[in-house]
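Participant: This is the structure, below, for whatever I ask next.
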Amino acid sequence: MKQRVSALLREKFGREVVLEKPKDRSFGHFATPIAFSLAKELRQSPMKIAEELASSFDNHEIFTSVESVKGYLNFRLSENFLSEYAGWALDNQDEFGKQEKSEKILLEFVSANPTGPLHIGHARGAVYGDTLYRLAKHLGYDITAEYYVNDAGNQIDLLGLSIALYARENIFKEDVEYPESYYRGEYLEGLAKGAIQKFGKEIFNDESRYKELALWAKDGVMEIVVESLANLNIHFDTFVNESSLYNDWDRVMDKMDANDKNAIYKKDDKIWIASEAKGDDNDRVVVREDGRPTYLAGDIVYHNQKFEHGYDHYINIWGADHHGYIPRVNAAVEYLGYDSNKLETLLSQMVSLLKDGEPYKMSKRAGNVILMSDIVDEIGPDALRYIFASKKSDTALEFDLSEFKKQDSSNPIFYIQYAHARIKTIISKSDLSEDEIMSASLKNLDENADSLMFDALLLPEIIDDAFASRQVQKLPDYLKALAASLHKFYYDCRIIGTEDEAKLLKLFMLVGLSLRTGLSLMGITAKDYMTKEED
RNA sequence: GCGCUCGUAGCUCAGCUGGAUAGAGCACUGGUUUGCGGUACCAGCGGUCACAUGUUCGAAUCAUGUCGGGCGCACCA
């Protein structure tokens, strides 16, 4: 809708036109301050220019009126245009808001180490990534969701050690001495018991076998991770194991060297990448004195593999504490001969939780972290997804769990669901059949109904904008506002038994379509009725 | 110290490709249809958009600086 108007104006004026939604709907559906920018070039007052422009739109098929007010140009869409568009949307519900973008995108997110269950910070990146993924799919992008499994390095050794320590202390009741860092948490119990069955209990007393133990256990951890993500309706297309990459390292080094003979050099018996020349603060070690590649080496191979698969665009979602890492990866990408502008790294910031105004306590049982699955148990997957999708991902966030447990309008996810349920309920309450409703005309609506219809039809451009700007929160913001419009309309206007019953119900179906489509893009299933929870 | 980032109502946050009186929820105060789920709706209260300077017809939005908070600054991952 907006694209249509915007394209039309671009053609008419021969330039990009800033199109905005007026704060007050009485000004019209869209507005532009173009006259202000033209004023300087034309050396005329903005008011005069706006008036002239407005009158040039006489008898236009899309607009019923184009008015100039204080230098703004306000457009009101014709009811023909709006009602036809609404009718099309209802006839083609699966197509509503879809586009046919053709880019191939690789989206990497979560990528938490396979050493323990996901915590609340991971959940944010997971929800953010999955929402982007759903938006992109809807827009027609060929997008792949990928999880990078860091199944190599120290943390894997630590996993083996941690399981052994857990088993020796808690199962065999030995006195054990804990090192400075190790993993803790309830999940170790299942792994320890599984390991006894698989290997026998001797393995816990043989340090040389801890690696073997860890390599087996990481798959079990990944199962826990994948399952907890599935509970949030999040799924991945591909998993890439870090451990599988290192045998490609020599080839990748040669590739960088071939592209730029200064890319890789030896110093102090170590191999370095000259990342400083590409904007990093320092050069970085990629192979240690003893020949073991660093983590960065793995990531270089991984990104080389990504680019060799030939996507048009790459998106990484990382925890904000990794932001200092961006320049060195970009440097490597360039040394590999690829355009680092195609690699976009988005950050997901920290989360702190409150419950009834007090800081949420980390549980000892979980290992002094807040487990994602505990929060899901507490407020449900829908509320969790809503919270993380509704806040800008790259700024720190604090939220209170209790707000999302309430069963009333103060809880946004409840509020939106209730709007959808209201629509379903009233339609089932009406004596009219679906055919009768669908054949009604959406013309001659009063101002409030027209406004509601317009709001419902905005969904496609919200989707487009939310993905293009990577600002996923625009979608929940919109849904909340649409739900508010619906509730208000419902309150103000009687529907059943009036002569406009059919057309108003059709309007409601349209609103329901937008709500349902929007929710599904957030990985949330719309409810047809609300049940009151007793606790 | 350097880099990134944030600073908007008592609280949690939107708004930031510069544009018409600065928005929402919570909290607080008061109200609502002899009707479709009051699990809703309305109104009031509350802001020098951290501060300063600059650019502009116009700045919460852009630039520079100051102050304050967070994060990062490994051959860990």
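Ligands are numbered from 1 in the order shown, residues from 1 within each chain, and chains are lettered A, B, ... in the order they appear in the structure tokens.
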Run DSSP on the backbone and give me the residues of range 347-387 of chain A it puts in alpha helix (DSSP H), as number ranges by chain.

Facilitator: A: 372-379, 381-387

Participant: Could you write out that same residue set with all heavy atoms as a CSV table (one decimal), in the first residue's frame?

Facilitator:
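Dumped to selection_14.csv:
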chain,number,residue,atom,x,y,z
A,372,MET,N,16.9,-20.5,30.3
A,372,MET,CA,15.8,-20.2,29.4
A,372,MET,C,14.6,-21.1,29.7
A,372,MET,O,13.4,-20.6,29.8
A,372,MET,CB,16.2,-20.4,28.0
A,372,MET,CG,15.2,-20.0,27.0
A,372,MET,SD,15.9,-20.2,25.3
A,372,MET,CE,15.4,-21.8,24.9
A,373,SER,N,14.8,-22.3,30.0
A,373,SER,CA,13.7,-23.2,30.1
A,373,SER,C,12.9,-22.9,31.4
A,373,SER,O,11.7,-23.1,31.5
A,373,SER,CB,14.1,-24.7,30.1
A,373,SER,OG,15.2,-24.8,31.1
A,374,ASP,N,13.6,-22.4,32.4
A,374,ASP,CA,12.9,-22.0,33.7
A,374,ASP,C,11.9,-20.9,33.4
A,374,ASP,O,10.8,-20.8,33.9
A,374,ASP,CB,13.8,-21.6,34.8
A,374,ASP,CG,14.5,-22.8,35.4
A,374,ASP,OD1,14.1,-24.0,35.1
A,374,ASP,OD2,15.5,-22.6,36.1
A,375,ILE,N,12.3,-19.9,32.6
A,375,ILE,CA,11.5,-18.8,32.3
A,375,ILE,C,10.3,-19.2,31.4
A,375,ILE,O,9.2,-18.7,31.6
A,375,ILE,CB,12.3,-17.7,31.6
A,375,ILE,CG1,13.5,-17.3,32.5
A,375,ILE,CG2,11.5,-16.4,31.4
A,375,ILE,CD1,13.2,-16.9,33.9
A,376,VAL,N,10.6,-20.1,30.5
A,376,VAL,CA,9.5,-20.6,29.6
A,376,VAL,C,8.5,-21.3,30.5
A,376,VAL,O,7.3,-21.1,30.3
A,376,VAL,CB,10.0,-21.5,28.6
A,376,VAL,CG1,8.9,-22.2,27.8
A,376,VAL,CG2,10.9,-20.8,27.6
A,377,ASP,N,8.9,-22.1,31.5
A,377,ASP,CA,8.0,-22.7,32.4
A,377,ASP,C,7.2,-21.7,33.1
A,377,ASP,O,6.0,-21.9,33.4
A,377,ASP,CB,8.8,-23.6,33.4
A,377,ASP,CG,9.3,-24.8,32.8
A,377,ASP,OD1,8.9,-25.2,31.6
A,377,ASP,OD2,10.2,-25.5,33.4
A,378,GLU,N,7.8,-20.6,33.4
A,378,GLU,CA,7.1,-19.6,34.3
A,378,GLU,C,6.1,-18.8,33.5
A,378,GLU,O,5.0,-18.6,34.0
A,378,GLU,CB,8.1,-18.7,34.9
A,378,GLU,CG,7.5,-17.9,36.1
A,378,GLU,CD,8.5,-17.8,37.2
A,378,GLU,OE1,9.6,-18.4,37.2
A,378,GLU,OE2,8.2,-17.1,38.2
A,379,ILE,N,6.4,-18.3,32.3
A,379,ILE,CA,5.5,-17.4,31.6
A,379,ILE,C,5.0,-17.9,30.3
A,379,ILE,O,4.2,-17.3,29.7
A,379,ILE,CB,6.2,-16.0,31.4
A,379,ILE,CG1,7.4,-16.1,30.5
A,379,ILE,CG2,6.5,-15.3,32.8
A,379,ILE,CD1,8.0,-14.7,30.2
A,381,PRO,N,6.0,-19.9,26.4
A,381,PRO,CA,6.9,-19.5,25.2
A,381,PRO,C,6.4,-18.2,24.5
A,381,PRO,O,7.2,-17.4,24.0
A,381,PRO,CB,6.8,-20.7,24.3
A,381,PRO,CG,5.6,-21.5,24.8
A,381,PRO,CD,5.5,-21.2,26.2
A,382,ASP,N,5.0,-18.0,24.4
A,382,ASP,CA,4.5,-16.9,23.7
A,382,ASP,C,5.0,-15.6,24.4
A,382,ASP,O,5.4,-14.6,23.7
A,382,ASP,CB,3.0,-16.9,23.7
A,382,ASP,CG,2.4,-18.0,22.8
A,382,ASP,OD1,3.3,-18.8,22.3
A,382,ASP,OD2,1.2,-18.2,22.8
A,383,ALA,N,4.8,-15.5,25.7
A,383,ALA,CA,5.2,-14.3,26.4
A,383,ALA,C,6.7,-14.0,26.2
A,383,ALA,O,7.1,-12.9,26.0
A,383,ALA,CB,4.8,-14.3,27.8
A,384,LEU,N,7.5,-15.1,26.3
A,384,LEU,CA,8.9,-14.9,26.2
A,384,LEU,C,9.3,-14.4,24.8
A,384,LEU,O,10.1,-13.4,24.7
A,384,LEU,CB,9.6,-16.2,26.5
A,384,LEU,CG,11.2,-16.1,26.5
A,384,LEU,CD1,11.6,-15.4,27.8
A,384,LEU,CD2,11.9,-17.4,26.3
A,385,ARG,N,8.7,-15.0,23.8
A,385,ARG,CA,9.0,-14.5,22.5
A,385,ARG,C,8.5,-13.1,22.3
A,385,ARG,O,9.2,-12.3,21.7
A,385,ARG,CB,8.3,-15.4,21.5
A,385,ARG,CG,8.9,-16.8,21.3
A,385,ARG,CD,8.5,-17.4,20.0
A,385,ARG,NE,9.0,-16.7,18.9
A,385,ARG,CZ,9.7,-17.2,17.9
A,385,ARG,NH1,9.9,-18.5,17.8
A,385,ARG,NH2,10.1,-16.5,16.9
A,386,TYR,N,7.4,-12.8,22.8
A,386,TYR,CA,6.9,-11.4,22.7
A,386,TYR,C,7.8,-10.4,23.3
A,386,TYR,O,8.2,-9.4,22.7
A,386,TYR,CB,5.5,-11.2,23.3
A,386,TYR,CG,4.9,-9.9,23.1
A,386,TYR,CD1,4.2,-9.7,21.9
A,386,TYR,CD2,5.2,-8.8,23.9
A,386,TYR,CE1,3.7,-8.4,21.6
A,386,TYR,CE2,4.7,-7.5,23.6
A,386,TYR,CZ,4.0,-7.3,22.5
A,386,TYR,OH,3.5,-6.1,22.2
A,387,ILE,N,8.3,-10.7,24.5
A,387,ILE,CA,9.2,-9.7,25.2
A,387,ILE,C,10.4,-9.5,24.4
A,387,ILE,O,10.8,-8.3,24.2
A,387,ILE,CB,9.6,-10.3,26.6
A,387,ILE,CG1,8.4,-10.4,27.5
A,387,ILE,CG2,10.7,-9.5,27.2
A,387,ILE,CD1,8.6,-11.3,28.7

Participant: Pick out the residues sitting within 12 Å of A40 in chain B, and hand them over as a ChimeraX atom specification; count only C-alpha atoms (C1' of nucleotides), and ignore anything fewer than 4 positions along from it in its own chain.

Facilitator: /A:408-410,415,418-419,422,483-492 /B:32-33

Participant: Next, write the just-selected residues to a file, as a PDB file, in the first residue's frame, keeping N, CA, C and O atoms (P, O5', C5', C4', C3', O3' and C1' of nucleotides) as the atom set.

Facilitator:
ATOM      1  N   ASP A 408      -4.707  -9.771  31.849  1.00  0.00           N
ATOM      2  CA  ASP A 408      -5.502  -8.587  31.524  1.00  0.00           C
ATOM      3  C   ASP A 408      -4.719  -7.687  30.559  1.00  0.00           C
ATOM      4  O   ASP A 408      -3.649  -8.053  30.084  1.00  0.00           O
ATOM      5  N   SER A 409      -5.272  -6.525  30.292  1.00  0.00           N
ATOM      6  CA  SER A 409      -4.723  -5.691  29.221  1.00  0.00           C
ATOM      7  C   SER A 409      -3.331  -5.150  29.524  1.00  0.00           C
ATOM      8  O   SER A 409      -2.685  -4.593  28.651  1.00  0.00           O
ATOM      9  N   SER A 410      -2.863  -5.287  30.744  1.00  0.00           N
ATOM     10  CA  SER A 410      -1.514  -4.796  31.022  1.00  0.00           C
ATOM     11  C   SER A 410      -0.459  -5.750  30.464  1.00  0.00           C
ATOM     12  O   SER A 410       0.699  -5.409  30.364  1.00  0.00           O
ATOM     13  N   TYR A 415      -3.311  -9.209  25.650  1.00  0.00           N
ATOM     14  CA  TYR A 415      -4.156  -8.192  25.038  1.00  0.00           C
ATOM     15  C   TYR A 415      -4.359  -8.453  23.541  1.00  0.00           C
ATOM     16  O   TYR A 415      -5.471  -8.354  23.021  1.00  0.00           O
ATOM     17  N   TYR A 418      -6.365 -11.637  23.051  1.00  0.00           N
ATOM     18  CA  TYR A 418      -7.780 -11.412  23.366  1.00  0.00           C
ATOM     19  C   TYR A 418      -8.495 -10.716  22.206  1.00  0.00           C
ATOM     20  O   TYR A 418      -9.653 -11.018  21.905  1.00  0.00           O
ATOM     21  N   ALA A 419      -7.804  -9.801  21.550  1.00  0.00           N
ATOM     22  CA  ALA A 419      -8.399  -9.136  20.385  1.00  0.00           C
ATOM     23  C   ALA A 419      -8.742 -10.172  19.319  1.00  0.00           C
ATOM     24  O   ALA A 419      -9.833 -10.153  18.740  1.00  0.00           O
ATOM     25  N   ARG A 422     -11.670 -12.276  20.457  1.00  0.00           N
ATOM     26  CA  ARG A 422     -12.920 -11.519  20.364  1.00  0.00           C
ATOM     27  C   ARG A 422     -13.486 -11.587  18.952  1.00  0.00           C
ATOM     28  O   ARG A 422     -14.689 -11.746  18.749  1.00  0.00           O
ATOM     29  N   ALA A 483      -4.491  -4.170  17.975  1.00  0.00           N
ATOM     30  CA  ALA A 483      -5.384  -4.765  18.976  1.00  0.00           C
ATOM     31  C   ALA A 483      -6.124  -3.668  19.742  1.00  0.00           C
ATOM     32  O   ALA A 483      -7.327  -3.782  20.009  1.00  0.00           O
ATOM     33  N   ALA A 484      -5.433  -2.606  20.054  1.00  0.00           N
ATOM     34  CA  ALA A 484      -6.077  -1.493  20.765  1.00  0.00           C
ATOM     35  C   ALA A 484      -7.186  -0.887  19.915  1.00  0.00           C
ATOM     36  O   ALA A 484      -8.277  -0.598  20.417  1.00  0.00           O
ATOM     37  N   SER A 485      -6.916  -0.698  18.624  1.00  0.00           N
ATOM     38  CA  SER A 485      -7.946  -0.145  17.736  1.00  0.00           C
ATOM     39  C   SER A 485      -9.163  -1.055  17.709  1.00  0.00           C
ATOM     40  O   SER A 485     -10.304  -0.590  17.698  1.00  0.00           O
ATOM     41  N   LEU A 486      -8.891  -2.348  17.664  1.00  0.00           N
ATOM     42  CA  LEU A 486      -9.983  -3.307  17.615  1.00  0.00           C
ATOM     43  C   LEU A 486     -10.814  -3.265  18.898  1.00  0.00           C
ATOM     44  O   LEU A 486     -12.042  -3.185  18.858  1.00  0.00           O
ATOM     45  N   HIS A 487     -10.154  -3.280  20.033  1.00  0.00           N
ATOM     46  CA  HIS A 487     -10.871  -3.247  21.308  1.00  0.00           C
ATOM     47  C   HIS A 487     -11.722  -1.984  21.427  1.00  0.00           C
ATOM     48  O   HIS A 487     -12.851  -2.006  21.890  1.00  0.00           O
ATOM     49  N   LYS A 488     -11.140  -0.891  20.996  1.00  0.00           N
ATOM     50  CA  LYS A 488     -11.871   0.372  21.098  1.00  0.00           C
ATOM     51  C   LYS A 488     -13.088   0.372  20.179  1.00  0.00           C
ATOM     52  O   LYS A 488     -14.181   0.765  20.570  1.00  0.00           O
ATOM     53  N   PHE A 489     -12.862  -0.102  18.981  1.00  0.00           N
ATOM     54  CA  PHE A 489     -13.957  -0.148  18.026  1.00  0.00           C
ATOM     55  C   PHE A 489     -15.085  -1.035  18.559  1.00  0.00           C
ATOM     56  O   PHE A 489     -16.264  -0.686  18.500  1.00  0.00           O
ATOM     57  N   TYR A 490     -14.688  -2.145  19.076  1.00  0.00           N
ATOM     58  CA  TYR A 490     -15.643  -3.110  19.622  1.00  0.00           C
ATOM     59  C   TYR A 490     -16.470  -2.489  20.742  1.00  0.00           C
ATOM     60  O   TYR A 490     -17.670  -2.714  20.863  1.00  0.00           O
ATOM     61  N   TYR A 491     -15.806  -1.702  21.533  1.00  0.00           N
ATOM     62  CA  TYR A 491     -16.469  -1.062  22.662  1.00  0.00           C
ATOM     63  C   TYR A 491     -17.444   0.009  22.192  1.00  0.00           C
ATOM     64  O   TYR A 491     -18.539   0.141  22.722  1.00  0.00           O
ATOM     65  N   ASP A 492     -17.025   0.753  21.183  1.00  0.00           N
ATOM     66  CA  ASP A 492     -17.822   1.905  20.732  1.00  0.00           C
ATOM     67  C   ASP A 492     -18.990   1.509  19.856  1.00  0.00           C
ATOM     68  O   ASP A 492     -19.956   2.246  19.751  1.00  0.00           O
TER      69      ASP A 492
ATOM     70  P     U B  32     -19.561   6.183  36.403  1.00  0.00           P
ATOM     71  O5'   U B  32     -19.373   5.672  34.902  1.00  0.00           O
ATOM     72  C5'   U B  32     -19.668   6.532  33.819  1.00  0.00           C
ATOM     73  C4'   U B  32     -19.515   5.749  32.549  1.00  0.00           C
ATOM     74  C3'   U B  32     -20.245   4.415  32.538  1.00  0.00           C
ATOM     75  O3'   U B  32     -21.605   4.619  32.204  1.00  0.00           O
ATOM     76  C1'   U B  32     -18.064   4.135  31.683  1.00  0.00           C
ATOM     77  P     U B  33     -22.665   3.475  32.452  1.00  0.00           P
ATOM     78  O5'   U B  33     -23.012   3.149  30.945  1.00  0.00           O
ATOM     79  C5'   U B  33     -23.702   4.131  30.144  1.00  0.00           C
ATOM     80  C4'   U B  33     -23.929   3.504  28.794  1.00  0.00           C
ATOM     81  C3'   U B  33     -24.808   2.244  28.851  1.00  0.00           C
ATOM     82  O3'   U B  33     -25.919   2.417  27.994  1.00  0.00           O
ATOM     83  C1'   U B  33     -22.829   1.886  27.573  1.00  0.00           C
TER      84        U B  33
END

Participant: Kindly assemble as a Markdown table a list of the chain B residues that lie within 10 Å of chain A, each paired with its nearest atom pair and their distance in Å to one decimal, using only C-alpha atoms (C1' of nucleotides), sorted first by chain and then by ascending residue number.

Facilitator:
| residue | atom | partner | partner_atom | distance |
| --- | --- | --- | --- | --- |
| B:C2 | C1' | A:Asp281 | CA | 9.3 |
| B:G3 | C1' | A:Gly324 | CA | 7.9 |
| B:C4 | C1' | A:His323 | CA | 7.3 |
| B:U5 | C1' | A:Thr395 | CA | 7.6 |
| B:C6 | C1' | A:Thr395 | CA | 6.9 |
| B:C11 | C1' | A:Gly357 | CA | 9.3 |
| B:U12 | C1' | A:Phe399 | CA | 6.5 |
| B:C13 | C1' | A:Lys391 | CA | 7.5 |
| B:A14 | C1' | A:Asp477 | CA | 7.9 |
| B:U17 | C1' | A:Val18 | CA | 8.6 |
| B:G19 | C1' | A:Pro33 | CA | 6.6 |
| B:A20 | C1' | A:Lys70 | CA | 7.6 |
| B:A24 | C1' | A:Ala481 | CA | 9.2 |
| B:G25 | C1' | A:Ser410 | CA | 6.4 |
| B:C26 | C1' | A:Ser410 | CA | 7.5 |
| B:U33 | C1' | A:Asp492 | CA | 8.5 |
| B:G35 | C1' | A:Arg494 | CA | 7.1 |
| B:C36 | C1' | A:Ile496 | CA | 5.9 |
| B:G37 | C1' | A:Arg422 | CA | 7.5 |
| B:U39 | C1' | A:Asp408 | CA | 5.2 |
| B:A40 | C1' | A:His487 | CA | 6.9 |
| B:C41 | C1' | A:Tyr491 | CA | 6.2 |
| B:C42 | C1' | A:Lys488 | CA | 9.9 |
| B:C57 | C1' | A:Phe36 | CA | 8.1 |
| B:G58 | C1' | A:Phe36 | CA | 9.4 |
| B:G70 | C1' | A:Ala396 | CA | 7.7 |
| B:C71 | C1' | A:Asp321 | CA | 5.9 |
| B:G72 | C1' | A:Gly324 | CA | 5.7 |
| B:C73 | C1' | A:Gly324 | CA | 7.4 |
| B:A74 | C1' | A:Arg284 | CA | 9.7 |
| B:C75 | C1' | A:Arg288 | CA | 5.7 |
| B:C76 | C1' | A:Asn154 | CA | 7.9 |
| B:A77 | C1' | A:Tyr295 | CA | 6.9 |

Participant: Rank A:Leu519, A:Leu9, A:Leu106, A:Leu90 by their smallest atom-to-atom distance to Leu73 in chain A, using only C-alpha atoms, and report the top residue only.

Facilitator: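 Closest candidate: A:Leu9.
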
Participant: Give me the residues near Glu177 in chain A as JSON, numbers by chain, where near means some atom within 12 Å (using only C-alpha atoms (C1' of nucleotides)) and where sequence neighbours in that chain fewer than 5 positions away do not count.

Facilitator: {"A": [161, 162, 164, 165, 166, 168, 169, 182]}

Participant: Take the residues that were just selected and, keeping C-alpha atoms, output them as a PDB file, in the first residue's frame.

Facilitator:
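Wrote again.pdb, looks like this:
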ATOM      1  CA  LEU A 161      35.963 -32.809  33.487  1.00  0.00           C
ATOM      2  CA  SER A 162      32.741 -31.332  34.828  1.00  0.00           C
ATOM      3  CA  ALA A 164      33.403 -36.597  35.870  1.00  0.00           C
ATOM      4  CA  LEU A 165      33.527 -34.324  38.907  1.00  0.00           C
ATOM      5  CA  TYR A 166      29.782 -34.316  39.167  1.00  0.00           C
ATOM      6  CA  ARG A 168      32.349 -38.628  41.518  1.00  0.00           C
ATOM      7  CA  GLU A 169      30.873 -36.253  44.042  1.00  0.00           C
ATOM      8  CA  TYR A 182      34.029 -25.984  35.516  1.00  0.00           C
TER       9      TYR A 182
END

Participant: Of the residues B:U48, B:U53, B:U34, B:A60, which is the one nearest to U8 in chain B, using only C-alpha atoms (C1' of nucleotides)?

Facilitator: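 Closest to U8 in chain B, using only C-alpha atoms (C1' of nucleotides): B:A60.
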
Participant: So which residues touch U55 in chain B within 12 Å, counting only C-alpha atoms (C1' of nucleotides), skipping near sequence neighbours fewer than 5 positions away, as a compact mmCIF listing (two decimals) with N, CA, C and O atoms (P, O5', C5', C4', C3', O3' and C1' of nucleotides), in the first residue's frame?

Facilitator:
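Output saved as selection-v6.txt:
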# COMPACT_ATOMS: atom_id res chain seq x y z
P G B 18 16.89 12.53 8.09
O5' G B 18 16.46 12.29 9.58
C5' G B 18 15.39 12.23 10.39
C4' G B 18 14.86 13.51 10.93
C3' G B 18 13.76 14.10 10.08
O3' G B 18 12.45 13.56 10.40
C1' G B 18 15.34 15.77 10.81
P C B 62 20.66 10.75 15.49
O5' C B 62 21.41 11.75 14.48
C5' C B 62 21.48 11.45 13.10
C4' C B 62 22.32 12.50 12.41
C3' C B 62 23.57 12.92 13.17
O3' C B 62 24.63 12.02 12.92
C1' C B 62 22.41 14.85 12.48
P A B 63 25.75 11.77 13.99
O5' A B 63 26.62 13.11 13.89
C5' A B 63 27.37 13.39 12.72
C4' A B 63 28.17 14.64 12.95
C3' A B 63 28.96 14.65 14.25
O3' A B 63 30.20 14.02 14.08
C1' A B 63 27.75 16.66 14.07
P U B 64 30.92 13.33 15.33
O5' U B 64 31.41 14.56 16.20
C5' U B 64 32.48 15.38 15.73
C4' U B 64 32.67 16.54 16.68
C3' U B 64 32.83 16.17 18.14
O3' U B 64 34.14 15.75 18.46
C1' U B 64 31.29 17.95 17.95

Participant: Excluding A52 in chain B and any residue of its chain fewer than 5 positions from it, enumerate the residues within 12 Å of it, using only C-alpha atoms (C1' of nucleotides), and give them as a list in words.

Facilitator: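 That gives U64, G65, U66 and C67 of chain B.
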
Participant: Write out the residues from the selection above, keeping all heavy atoms, as a CSV table (one decimal), in the first residue's frame.

Facilitator:
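Saved as part-v5.csv:
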chain,number,residue,atom,x,y,z
B,64,U,P,30.9,13.3,15.3
B,64,U,OP1,32.1,12.6,14.8
B,64,U,OP2,29.9,12.6,16.1
B,64,U,O5',31.4,14.6,16.2
B,64,U,C5',32.5,15.4,15.7
B,64,U,C4',32.7,16.5,16.7
B,64,U,O4',31.5,17.4,16.7
B,64,U,C3',32.8,16.2,18.1
B,64,U,O3',34.1,15.7,18.5
B,64,U,C2',32.5,17.5,18.8
B,64,U,O2',33.5,18.4,18.8
B,64,U,C1',31.3,17.9,18.0
B,64,U,N1,30.0,17.5,18.5
B,64,U,C2,29.4,18.3,19.5
B,64,U,O2,29.9,19.3,19.9
B,64,U,N3,28.2,17.8,19.9
B,64,U,C4,27.6,16.7,19.6
B,64,U,O4,26.5,16.4,20.1
B,64,U,C5,28.2,15.9,18.6
B,64,U,C6,29.4,16.3,18.1
B,65,G,P,34.3,14.7,19.7
B,65,G,OP1,35.7,14.2,19.6
B,65,G,OP2,33.2,13.7,19.6
B,65,G,O5',34.1,15.6,21.0
B,65,G,C5',35.0,16.6,21.3
B,65,G,C4',34.4,17.5,22.3
B,65,G,O4',33.2,18.0,21.9
B,65,G,C3',34.1,16.8,23.7
B,65,G,O3',35.3,16.6,24.5
B,65,G,C2',33.1,17.7,24.3
B,65,G,O2',33.8,18.9,24.8
B,65,G,C1',32.3,18.2,23.1
B,65,G,N9,31.1,17.4,22.9
B,65,G,C8,30.9,16.4,22.0
B,65,G,N7,29.7,15.8,22.1
B,65,G,C5,29.1,16.5,23.2
B,65,G,C6,27.8,16.4,23.8
B,65,G,O6,26.9,15.6,23.5
B,65,G,N1,27.7,17.3,24.8
B,65,G,C2,28.6,18.2,25.3
B,65,G,N2,28.3,19.0,26.3
B,65,G,N3,29.8,18.3,24.7
B,65,G,C4,30.0,17.5,23.7
B,66,U,P,35.3,15.4,25.5
B,66,U,OP1,36.6,15.4,26.1
B,66,U,OP2,34.7,14.2,24.9
B,66,U,O5',34.3,16.0,26.7
B,66,U,C5',34.7,17.1,27.5
B,66,U,C4',33.6,17.4,28.4
B,66,U,O4',32.3,17.8,27.7
B,66,U,C3',33.1,16.3,29.3
B,66,U,O3',34.0,16.1,30.4
B,66,U,C2',31.7,16.7,29.7
B,66,U,O2',31.8,17.7,30.7
B,66,U,C1',31.2,17.3,28.4
B,66,U,N1,30.5,16.3,27.6
B,66,U,C2,29.2,16.0,28.0
B,66,U,O2,28.6,16.5,28.9
B,66,U,N3,28.6,15.1,27.2
B,66,U,C4,29.1,14.4,26.1
B,66,U,O4,28.4,13.6,25.5
B,66,U,C5,30.5,14.8,25.8
B,66,U,C6,31.1,15.7,26.6
B,67,C,P,34.2,14.6,31.0
B,67,C,OP1,35.3,14.7,32.0
B,67,C,OP2,34.3,13.7,29.9
B,67,C,O5',32.9,14.4,31.8
B,67,C,C5',32.5,15.2,32.9
B,67,C,C4',31.1,14.9,33.3
B,67,C,O4',30.1,15.2,32.2
B,67,C,C3',30.8,13.4,33.6
B,67,C,O3',31.2,13.0,34.9
B,67,C,C2',29.3,13.4,33.5
B,67,C,O2',28.6,13.9,34.6
B,67,C,C1',29.0,14.3,32.3
B,67,C,N1,29.0,13.5,31.0
B,67,C,C2,27.9,12.8,30.7
B,67,C,O2,26.9,12.8,31.4
B,67,C,N3,27.8,12.0,29.5
B,67,C,C4,28.9,12.0,28.8
B,67,C,N4,28.8,11.3,27.7
B,67,C,C5,30.1,12.7,29.1
B,67,C,C6,30.1,13.4,30.2

Participant: Using only C-alpha atoms (C1' of nucleotides), which protein or nucleic acid residues come within 12 Å of Tyr338 in chain A? Drop anything in the same chain fewer than 6 positions from it, and give the result as number ranges by chain.

Facilitator: A: 255-256, 259, 303-308, 310-314, 329-332

Participant: For the selection you just gave me, I'd like the residues written to a file as a PDB file, in the first residue's frame, keeping C-alpha atoms.

Facilitator:
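Below is the file result.pdb, written as the result:
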ATOM      1  CA  LYS A 255      43.896 -18.963   0.007  1.00  0.00           C
ATOM      2  CA  MET A 256      44.487 -15.846   2.086  1.00  0.00           C
ATOM      3  CA  ASN A 259      45.076 -13.189  -2.295  1.00  0.00           C
ATOM      4  CA  HIS A 303      33.331 -17.898   7.289  1.00  0.00           C
ATOM      5  CA  ASN A 304      35.272 -19.068   4.287  1.00  0.00           C
ATOM      6  CA  GLN A 305      32.916 -22.001   4.058  1.00  0.00           C
ATOM      7  CA  LYS A 306      29.933 -19.665   4.299  1.00  0.00           C
ATOM      8  CA  PHE A 307      31.193 -17.516   1.467  1.00  0.00           C
ATOM      9  CA  GLU A 308      32.119 -20.503  -0.661  1.00  0.00           C
ATOM     10  CA  GLY A 310      27.746 -18.402  -2.419  1.00  0.00           C
ATOM     11  CA  TYR A 311      25.005 -16.604  -0.562  1.00  0.00           C
ATOM     12  CA  ASP A 312      24.121 -13.028  -1.451  1.00  0.00           C
ATOM     13  CA  HIS A 313      24.162 -11.896   2.132  1.00  0.00           C
ATOM     14  CA  TYR A 314      25.268 -13.178   5.526  1.00  0.00           C
ATOM     15  CA  VAL A 329      36.427 -11.524  11.221  1.00  0.00           C
ATOM     16  CA  ASN A 330      35.742  -8.830   8.648  1.00  0.00           C
ATOM     17  CA  ALA A 331      39.481  -8.555   8.060  1.00  0.00           C
ATOM     18  CA  ALA A 332      39.717 -12.274   7.445  1.00  0.00           C
TER      19      ALA A 332
END

Participant: At what distance in Å, to one decimal, does CA of Thr131 in chain A lie from CA of Met522 in chain A?

Facilitator: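 Result for CA of Met522 in chain A versus CA of Thr131 in chain A: 5.5 Å, one decimal.
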
Participant: Take CA of Ala274 in chain A and CA of Ser348 in chain A and report the distance between them in Å, one decimal.

Facilitator: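 Separation of CA of Ala274 in chain A and CA of Ser348 in chain A: 28.0 Å.
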